[in-house]
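Have a look at data.txt below; it lists compact mmCIF, N, CA and C atoms.
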# COMPACT_ATOMS: atom_id res chain seq x y z
N MET A 251 11.89 -8.40 4.66
CA MET A 251 11.71 -7.72 3.40
C MET A 251 12.80 -6.68 3.29
N SER A 252 13.45 -6.62 2.14
CA SER A 252 14.41 -5.56 1.92
C SER A 252 13.97 -4.75 0.71
N TYR A 253 14.37 -3.49 0.72
CA TYR A 253 13.95 -2.56 -0.31
C TYR A 253 15.16 -1.92 -0.96
N GLU A 254 15.00 -1.56 -2.21
CA GLU A 254 16.02 -0.80 -2.93
C GLU A 254 15.30 0.28 -3.70
N GLN A 255 15.62 1.50 -3.42
CA GLN A 255 14.96 2.62 -4.08
C GLN A 255 15.67 2.92 -5.39
N VAL A 256 14.90 3.06 -6.47
CA VAL A 256 15.45 3.29 -7.79
C VAL A 256 14.74 4.48 -8.40
N SER A 257 15.50 5.40 -8.98
CA SER A 257 14.90 6.58 -9.60
C SER A 257 14.26 6.21 -10.94
N ALA A 258 13.54 7.14 -11.51
CA ALA A 258 12.85 6.91 -12.77
C ALA A 258 13.81 6.51 -13.88
N ASP A 259 15.07 6.96 -13.81
CA ASP A 259 16.04 6.62 -14.85
C ASP A 259 16.79 5.32 -14.57
N GLY A 260 16.36 4.60 -13.52
CA GLY A 260 16.93 3.29 -13.22
C GLY A 260 18.13 3.29 -12.31
N LYS A 261 18.56 4.45 -11.85
CA LYS A 261 19.72 4.52 -10.97
C LYS A 261 19.32 4.22 -9.53
N ALA A 262 20.16 3.46 -8.87
CA ALA A 262 19.88 3.14 -7.46
C ALA A 262 19.90 4.41 -6.62
N ASN A 263 19.16 4.36 -5.51
CA ASN A 263 19.09 5.44 -4.54
C ASN A 263 18.42 6.70 -5.08
N GLY A 264 17.54 6.55 -6.04
CA GLY A 264 16.76 7.69 -6.51
C GLY A 264 15.77 8.09 -5.45
N ASN A 265 15.15 9.24 -5.61
CA ASN A 265 14.16 9.62 -4.62
C ASN A 265 12.80 9.03 -4.98
N ALA A 266 11.87 9.05 -4.03
CA ALA A 266 10.58 8.39 -4.22
C ALA A 266 9.56 9.28 -4.91
N LYS A 267 10.00 10.38 -5.50
CA LYS A 267 9.06 11.26 -6.19
C LYS A 267 9.00 10.91 -7.66
N GLY A 268 7.94 11.33 -8.31
CA GLY A 268 7.81 11.08 -9.73
C GLY A 268 7.58 9.62 -10.00
N ASN A 269 8.33 9.07 -10.93
CA ASN A 269 8.16 7.68 -11.33
C ASN A 269 9.16 6.75 -10.65
N ALA A 270 9.71 7.16 -9.54
CA ALA A 270 10.66 6.32 -8.83
C ALA A 270 9.98 5.03 -8.39
N ARG A 271 10.78 3.98 -8.30
CA ARG A 271 10.25 2.69 -7.88
C ARG A 271 10.99 2.22 -6.63
N ILE A 272 10.34 1.38 -5.90
CA ILE A 272 10.96 0.73 -4.76
C ILE A 272 10.97 -0.76 -5.07
N LEU A 273 12.17 -1.30 -5.29
CA LEU A 273 12.29 -2.71 -5.58
C LEU A 273 12.20 -3.49 -4.27
N VAL A 274 11.30 -4.45 -4.24
CA VAL A 274 11.05 -5.25 -3.04
C VAL A 274 11.68 -6.62 -3.23
N HIS A 275 12.53 -6.99 -2.30
CA HIS A 275 13.18 -8.30 -2.30
C HIS A 275 12.56 -9.13 -1.19
N PRO A 276 11.70 -10.11 -1.53
CA PRO A 276 11.07 -10.92 -0.48
C PRO A 276 12.13 -11.68 0.33
N PRO A 277 11.90 -11.86 1.62
CA PRO A 277 12.85 -12.61 2.45
C PRO A 277 12.77 -14.10 2.14
N ASP A 278 13.78 -14.83 2.55
CA ASP A 278 13.76 -16.28 2.41
C ASP A 278 12.50 -16.82 3.08
N GLY A 279 11.88 -17.77 2.45
CA GLY A 279 10.69 -18.38 3.01
C GLY A 279 9.39 -17.74 2.55
N LEU A 280 9.47 -16.57 1.94
CA LEU A 280 8.27 -15.92 1.42
C LEU A 280 8.43 -15.84 -0.10
N PRO A 281 7.69 -16.68 -0.82
CA PRO A 281 7.89 -16.76 -2.27
C PRO A 281 7.60 -15.45 -2.99
N TYR A 282 8.40 -15.19 -4.01
CA TYR A 282 8.23 -14.03 -4.88
C TYR A 282 6.78 -13.93 -5.35
N LYS A 283 6.24 -15.04 -5.84
CA LYS A 283 4.88 -15.06 -6.41
C LYS A 283 3.84 -14.63 -5.37
N ALA A 284 4.01 -15.05 -4.13
CA ALA A 284 3.04 -14.69 -3.08
C ALA A 284 3.05 -13.19 -2.84
N VAL A 285 4.23 -12.59 -2.79
CA VAL A 285 4.33 -11.14 -2.55
C VAL A 285 3.80 -10.37 -3.76
N ALA A 286 4.17 -10.81 -4.97
CA ALA A 286 3.70 -10.14 -6.18
C ALA A 286 2.17 -10.20 -6.29
N THR A 287 1.60 -11.36 -5.98
CA THR A 287 0.14 -11.53 -6.03
C THR A 287 -0.54 -10.66 -4.98
N TYR A 288 0.04 -10.62 -3.78
CA TYR A 288 -0.51 -9.77 -2.72
C TYR A 288 -0.57 -8.31 -3.18
N LEU A 289 0.53 -7.79 -3.73
CA LEU A 289 0.54 -6.39 -4.16
C LEU A 289 -0.42 -6.16 -5.33
N ASP A 290 -0.52 -7.11 -6.25
CA ASP A 290 -1.48 -6.98 -7.35
C ASP A 290 -2.90 -6.90 -6.81
N ASN A 291 -3.22 -7.75 -5.84
CA ASN A 291 -4.57 -7.73 -5.25
C ASN A 291 -4.83 -6.42 -4.52
N CYS A 292 -3.80 -5.89 -3.85
CA CYS A 292 -3.95 -4.59 -3.18
C CYS A 292 -4.26 -3.50 -4.21
N ARG A 293 -3.55 -3.53 -5.31
CA ARG A 293 -3.78 -2.52 -6.37
C ARG A 293 -5.19 -2.64 -6.93
N LYS A 294 -5.65 -3.87 -7.13
CA LYS A 294 -7.03 -4.08 -7.62
C LYS A 294 -8.06 -3.60 -6.61
N GLY A 295 -7.71 -3.64 -5.34
CA GLY A 295 -8.62 -3.21 -4.29
C GLY A 295 -8.74 -1.71 -4.15
N LEU A 296 -7.91 -0.95 -4.86
CA LEU A 296 -8.00 0.51 -4.74
C LEU A 296 -9.30 1.06 -5.29
N GLN A 297 -9.81 0.51 -6.38
CA GLN A 297 -11.06 1.04 -6.94
C GLN A 297 -12.24 0.84 -5.99
N PRO A 298 -12.41 -0.36 -5.41
CA PRO A 298 -13.48 -0.49 -4.42
C PRO A 298 -13.31 0.48 -3.24
N LEU A 299 -12.06 0.72 -2.82
CA LEU A 299 -11.83 1.70 -1.76
C LEU A 299 -12.29 3.08 -2.20
N LYS A 300 -11.90 3.48 -3.40
CA LYS A 300 -12.32 4.79 -3.92
C LYS A 300 -13.84 4.89 -4.01
N ASP A 301 -14.48 3.81 -4.42
CA ASP A 301 -15.95 3.79 -4.50
C ASP A 301 -16.56 3.95 -3.11
N GLY A 302 -15.99 3.27 -2.11
CA GLY A 302 -16.47 3.39 -0.74
C GLY A 302 -16.30 4.81 -0.21
N ILE A 303 -15.19 5.44 -0.56
CA ILE A 303 -14.95 6.83 -0.14
C ILE A 303 -15.97 7.74 -0.80
N GLU A 304 -16.21 7.52 -2.08
CA GLU A 304 -17.19 8.33 -2.82
C GLU A 304 -18.59 8.24 -2.18
N ARG A 305 -18.95 7.04 -1.73
CA ARG A 305 -20.26 6.82 -1.10
C ARG A 305 -20.30 7.28 0.35
N LEU A 306 -19.13 7.68 0.88
CA LEU A 306 -18.99 8.01 2.31
C LEU A 306 -19.38 6.82 3.17
N ASP A 307 -18.99 5.62 2.71
CA ASP A 307 -19.27 4.38 3.42
C ASP A 307 -18.13 4.13 4.41
N TYR A 308 -18.22 4.80 5.55
CA TYR A 308 -17.15 4.76 6.54
C TYR A 308 -16.92 3.35 7.09
N ASP A 309 -17.95 2.55 7.18
CA ASP A 309 -17.77 1.20 7.68
C ASP A 309 -16.94 0.38 6.69
N PHE A 310 -17.22 0.49 5.41
CA PHE A 310 -16.44 -0.21 4.39
C PHE A 310 -14.97 0.24 4.45
N VAL A 311 -14.76 1.54 4.52
CA VAL A 311 -13.40 2.09 4.56
C VAL A 311 -12.67 1.64 5.83
N ARG A 312 -13.37 1.60 6.94
CA ARG A 312 -12.77 1.14 8.20
C ARG A 312 -12.30 -0.30 8.09
N VAL A 313 -13.16 -1.16 7.56
CA VAL A 313 -12.80 -2.57 7.41
C VAL A 313 -11.64 -2.73 6.42
N TYR A 314 -11.67 -1.98 5.33
CA TYR A 314 -10.59 -2.01 4.35
C TYR A 314 -9.27 -1.62 5.01
N GLY A 315 -9.28 -0.55 5.77
CA GLY A 315 -8.07 -0.10 6.47
C GLY A 315 -7.58 -1.14 7.46
N HIS A 316 -8.51 -1.75 8.17
CA HIS A 316 -8.15 -2.78 9.15
C HIS A 316 -7.47 -3.96 8.46
N ARG A 317 -8.02 -4.39 7.35
CA ARG A 317 -7.43 -5.51 6.59
C ARG A 317 -6.06 -5.14 6.04
N MET A 318 -5.94 -3.92 5.54
CA MET A 318 -4.65 -3.48 5.00
C MET A 318 -3.60 -3.45 6.11
N LYS A 319 -4.02 -3.01 7.28
CA LYS A 319 -3.11 -2.97 8.44
C LYS A 319 -2.59 -4.37 8.76
N GLY A 320 -3.49 -5.34 8.83
CA GLY A 320 -3.09 -6.70 9.17
C GLY A 320 -2.31 -7.40 8.08
N CYS A 321 -2.75 -7.28 6.85
CA CYS A 321 -2.05 -7.96 5.74
C CYS A 321 -0.71 -7.30 5.46
N GLY A 322 -0.64 -5.99 5.59
CA GLY A 322 0.64 -5.31 5.39
C GLY A 322 1.68 -5.83 6.37
N ALA A 323 1.25 -6.05 7.60
CA ALA A 323 2.16 -6.60 8.62
C ALA A 323 2.55 -8.03 8.28
N ALA A 324 1.59 -8.83 7.85
CA ALA A 324 1.85 -10.23 7.55
C ALA A 324 2.83 -10.39 6.39
N TYR A 325 2.78 -9.48 5.43
CA TYR A 325 3.66 -9.56 4.26
C TYR A 325 4.92 -8.70 4.40
N GLY A 326 5.06 -8.01 5.51
CA GLY A 326 6.28 -7.24 5.75
C GLY A 326 6.33 -5.87 5.10
N PHE A 327 5.19 -5.21 4.99
CA PHE A 327 5.12 -3.86 4.42
C PHE A 327 4.67 -2.87 5.49
N PRO A 328 5.60 -2.34 6.27
CA PRO A 328 5.20 -1.42 7.35
C PRO A 328 4.48 -0.17 6.83
N GLU A 329 4.81 0.27 5.63
CA GLU A 329 4.13 1.45 5.07
C GLU A 329 2.64 1.18 4.89
N LEU A 330 2.32 -0.02 4.41
CA LEU A 330 0.91 -0.37 4.21
C LEU A 330 0.21 -0.58 5.55
N THR A 331 0.93 -1.14 6.52
CA THR A 331 0.37 -1.33 7.85
C THR A 331 0.02 0.02 8.49
N GLU A 332 0.96 0.95 8.44
CA GLU A 332 0.74 2.27 9.04
C GLU A 332 -0.38 3.03 8.33
N THR A 333 -0.38 2.97 7.01
CA THR A 333 -1.42 3.69 6.26
C THR A 333 -2.78 3.05 6.48
N GLY A 334 -2.81 1.71 6.55
CA GLY A 334 -4.07 1.02 6.84
C GLY A 334 -4.62 1.40 8.20
N ALA A 335 -3.74 1.48 9.19
CA ALA A 335 -4.16 1.87 10.54
C ALA A 335 -4.70 3.30 10.55
N SER A 336 -4.04 4.19 9.83
CA SER A 336 -4.51 5.59 9.76
C SER A 336 -5.85 5.67 9.05
N LEU A 337 -6.01 4.88 8.00
CA LEU A 337 -7.27 4.85 7.26
C LEU A 337 -8.39 4.34 8.16
N GLU A 338 -8.11 3.29 8.91
CA GLU A 338 -9.10 2.74 9.83
C GLU A 338 -9.53 3.78 10.87
N GLN A 339 -8.57 4.48 11.45
CA GLN A 339 -8.87 5.49 12.47
C GLN A 339 -9.66 6.67 11.87
N ALA A 340 -9.27 7.08 10.68
CA ALA A 340 -9.98 8.19 10.03
C ALA A 340 -11.43 7.81 9.74
N ALA A 341 -11.65 6.57 9.33
CA ALA A 341 -13.02 6.12 9.07
C ALA A 341 -13.83 6.06 10.36
N LYS A 342 -13.21 5.59 11.43
CA LYS A 342 -13.91 5.56 12.73
C LYS A 342 -14.32 6.96 13.16
N ALA A 343 -13.47 7.94 12.84
CA ALA A 343 -13.75 9.33 13.22
C ALA A 343 -14.65 10.05 12.21
N GLY A 344 -14.91 9.40 11.07
CA GLY A 344 -15.72 10.04 10.03
C GLY A 344 -15.02 11.23 9.38
N ASN A 345 -13.69 11.17 9.32
CA ASN A 345 -12.89 12.27 8.79
C ASN A 345 -12.61 12.04 7.31
N ALA A 346 -13.49 12.56 6.46
CA ALA A 346 -13.40 12.34 5.01
C ALA A 346 -12.11 12.88 4.42
N GLN A 347 -11.64 14.02 4.90
CA GLN A 347 -10.42 14.61 4.37
C GLN A 347 -9.22 13.69 4.66
N GLU A 348 -9.13 13.18 5.87
CA GLU A 348 -8.03 12.29 6.25
C GLU A 348 -8.13 10.95 5.51
N ILE A 349 -9.35 10.48 5.30
CA ILE A 349 -9.56 9.25 4.53
C ILE A 349 -8.99 9.43 3.12
N ARG A 350 -9.31 10.54 2.47
CA ARG A 350 -8.80 10.79 1.11
C ARG A 350 -7.29 10.90 1.10
N ARG A 351 -6.72 11.53 2.12
CA ARG A 351 -5.27 11.65 2.20
C ARG A 351 -4.63 10.27 2.34
N CYS A 352 -5.17 9.45 3.22
CA CYS A 352 -4.64 8.10 3.43
C CYS A 352 -4.76 7.26 2.15
N ALA A 353 -5.87 7.38 1.46
CA ALA A 353 -6.05 6.63 0.21
C ALA A 353 -5.01 7.04 -0.82
N ALA A 354 -4.71 8.32 -0.90
CA ALA A 354 -3.70 8.81 -1.85
C ALA A 354 -2.31 8.28 -1.48
N VAL A 355 -2.00 8.28 -0.19
CA VAL A 355 -0.71 7.75 0.28
C VAL A 355 -0.62 6.26 -0.04
N LEU A 356 -1.69 5.54 0.24
CA LEU A 356 -1.73 4.11 -0.03
C LEU A 356 -1.51 3.83 -1.52
N GLU A 357 -2.19 4.57 -2.36
CA GLU A 357 -2.05 4.39 -3.80
C GLU A 357 -0.61 4.68 -4.25
N ALA A 358 -0.01 5.73 -3.72
CA ALA A 358 1.37 6.06 -4.07
C ALA A 358 2.33 4.94 -3.66
N HIS A 359 2.13 4.39 -2.47
CA HIS A 359 2.98 3.27 -2.03
C HIS A 359 2.82 2.09 -2.99
N LEU A 360 1.58 1.72 -3.27
CA LEU A 360 1.34 0.55 -4.10
C LEU A 360 1.89 0.72 -5.52
N GLU A 361 1.82 1.93 -6.04
CA GLU A 361 2.33 2.19 -7.38
C GLU A 361 3.86 2.13 -7.41
N SER A 362 4.52 2.41 -6.30
CA SER A 362 5.97 2.47 -6.29
C SER A 362 6.63 1.10 -6.08
N PHE A 363 5.92 0.15 -5.48
CA PHE A 363 6.51 -1.17 -5.19
C PHE A 363 6.61 -2.04 -6.44
N GLU A 364 7.77 -2.64 -6.62
CA GLU A 364 7.98 -3.62 -7.68
C GLU A 364 8.74 -4.80 -7.08
N VAL A 365 8.12 -5.96 -7.10
CA VAL A 365 8.73 -7.14 -6.49
C VAL A 365 9.73 -7.74 -7.47
N VAL A 366 10.91 -8.08 -6.97
CA VAL A 366 11.94 -8.69 -7.80
C VAL A 366 12.34 -10.04 -7.20
N GLU A 367 12.65 -10.97 -8.07
CA GLU A 367 13.09 -12.29 -7.62
C GLU A 367 14.54 -12.20 -7.16
N ALA A 368 14.87 -13.02 -6.20
CA ALA A 368 16.22 -13.01 -5.63
C ALA A 368 17.26 -13.47 -6.64
Hey, can you dump this file as structure tokens for me?
Amino acid sequence: MSYEQVSADGKANGNAKGNARILVHPPDGLPYKAVATYLDNCRKGLQPLKDGIERLDYDFVRVYGHRMKGCGAAYGFPELTETGASLEQAAKAGNAQEIRRCAAVLEAHLESFEVVEA
């Protein structure tokens, strides 16, 4: 997976703050559609995660983090893998503050990724 950071005004090498985007170029052998669908499904999964956090359902959050860790690795997104692992550990520890922080980081990552065809 290769990335290209673009600022809100469309210039390459912008910073990741504000409305900056990270253009994701899938590697050979991994179809654009598969990566785009994966990220769309991750974005759709944010609301159930937020609901689980609201309910303090640590088991749900732990499983969600575990899945994010594994799928992020399978699709080549180390940021999602690391955040998923942190979310899983925070849920195991019952650390609501860290869970909320991880969820915010995860949401920021997912909002910044934009898959582009080669």
Requested in this report: Could you pull out the residues in segment 300-365 of chain A that DSSP calls alpha helix (DSSP H) from the backbone, as a PyMOL selection string?
Outcome: chain A and resi 300-304+308-325+328-343+346-362
Query - Backbone-only DSSP, strand (DSSP E or B) members of chain A, as a PyMOL selection string - result: chain A and resi 252-256+262+271-275+363-365
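For Ala354 of chain A, the list of residues within 12 Å, based on only C-alpha atoms and with local chain neighbours fewer than 2 positions off taken out, reads Leu296, Gln297, Leu299, Lys300, Ile303, Leu330, Thr333, Gly334, Leu337, Gln347, Glu348, Ile349, Arg350, Arg351, Cys352, Leu356, Glu357, Ala358, His359, Leu360 and Glu361 of chain A.
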Report task. Extract, using only C-alpha atoms, all DNA, RNA and protein residues at most 12 Å from segment 319-326 of chain A, discarding same-chain residues fewer than 3 positions from it, and format them as number ranges by chain. Result -> A: 251-253, 274-277, 279-282, 284-289, 291-292, 312-316, 329-339, 356, 359-360
Query raised in the report: In Å, how far is it from atom CA of Asp290 of chain A to atom CA of Val366 of chain A?
Result: 13.5 Å
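You will find atom N of Leu273 of chain A at 24.6 Å from atom N of Pro298 of chain A.
Candidate residues A:Arg293, A:Asp278, A:Val355, A:Lys342 were compared for distance to Asp309 of chain A, and the nearest is A:Lys342, using only C-alpha atoms.
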Query raised in the report: Between atom N of Ala343 of chain A and atom CA of Val311 of chain A, what is the spacing in Å?
Result: 10.1 Å
Edge lengths and centre, in Å to one decimal, as AutoDock Vina command-line options: that's what I need for the box along x, y and z that holds all listed atoms of segment 270-282 of chain A plus 4 Å on each side.
--center_x 10.3 --center_y -5.6 --center_z -3.2 --size_x 15.0 --size_y 33.5 --size_z 20.6
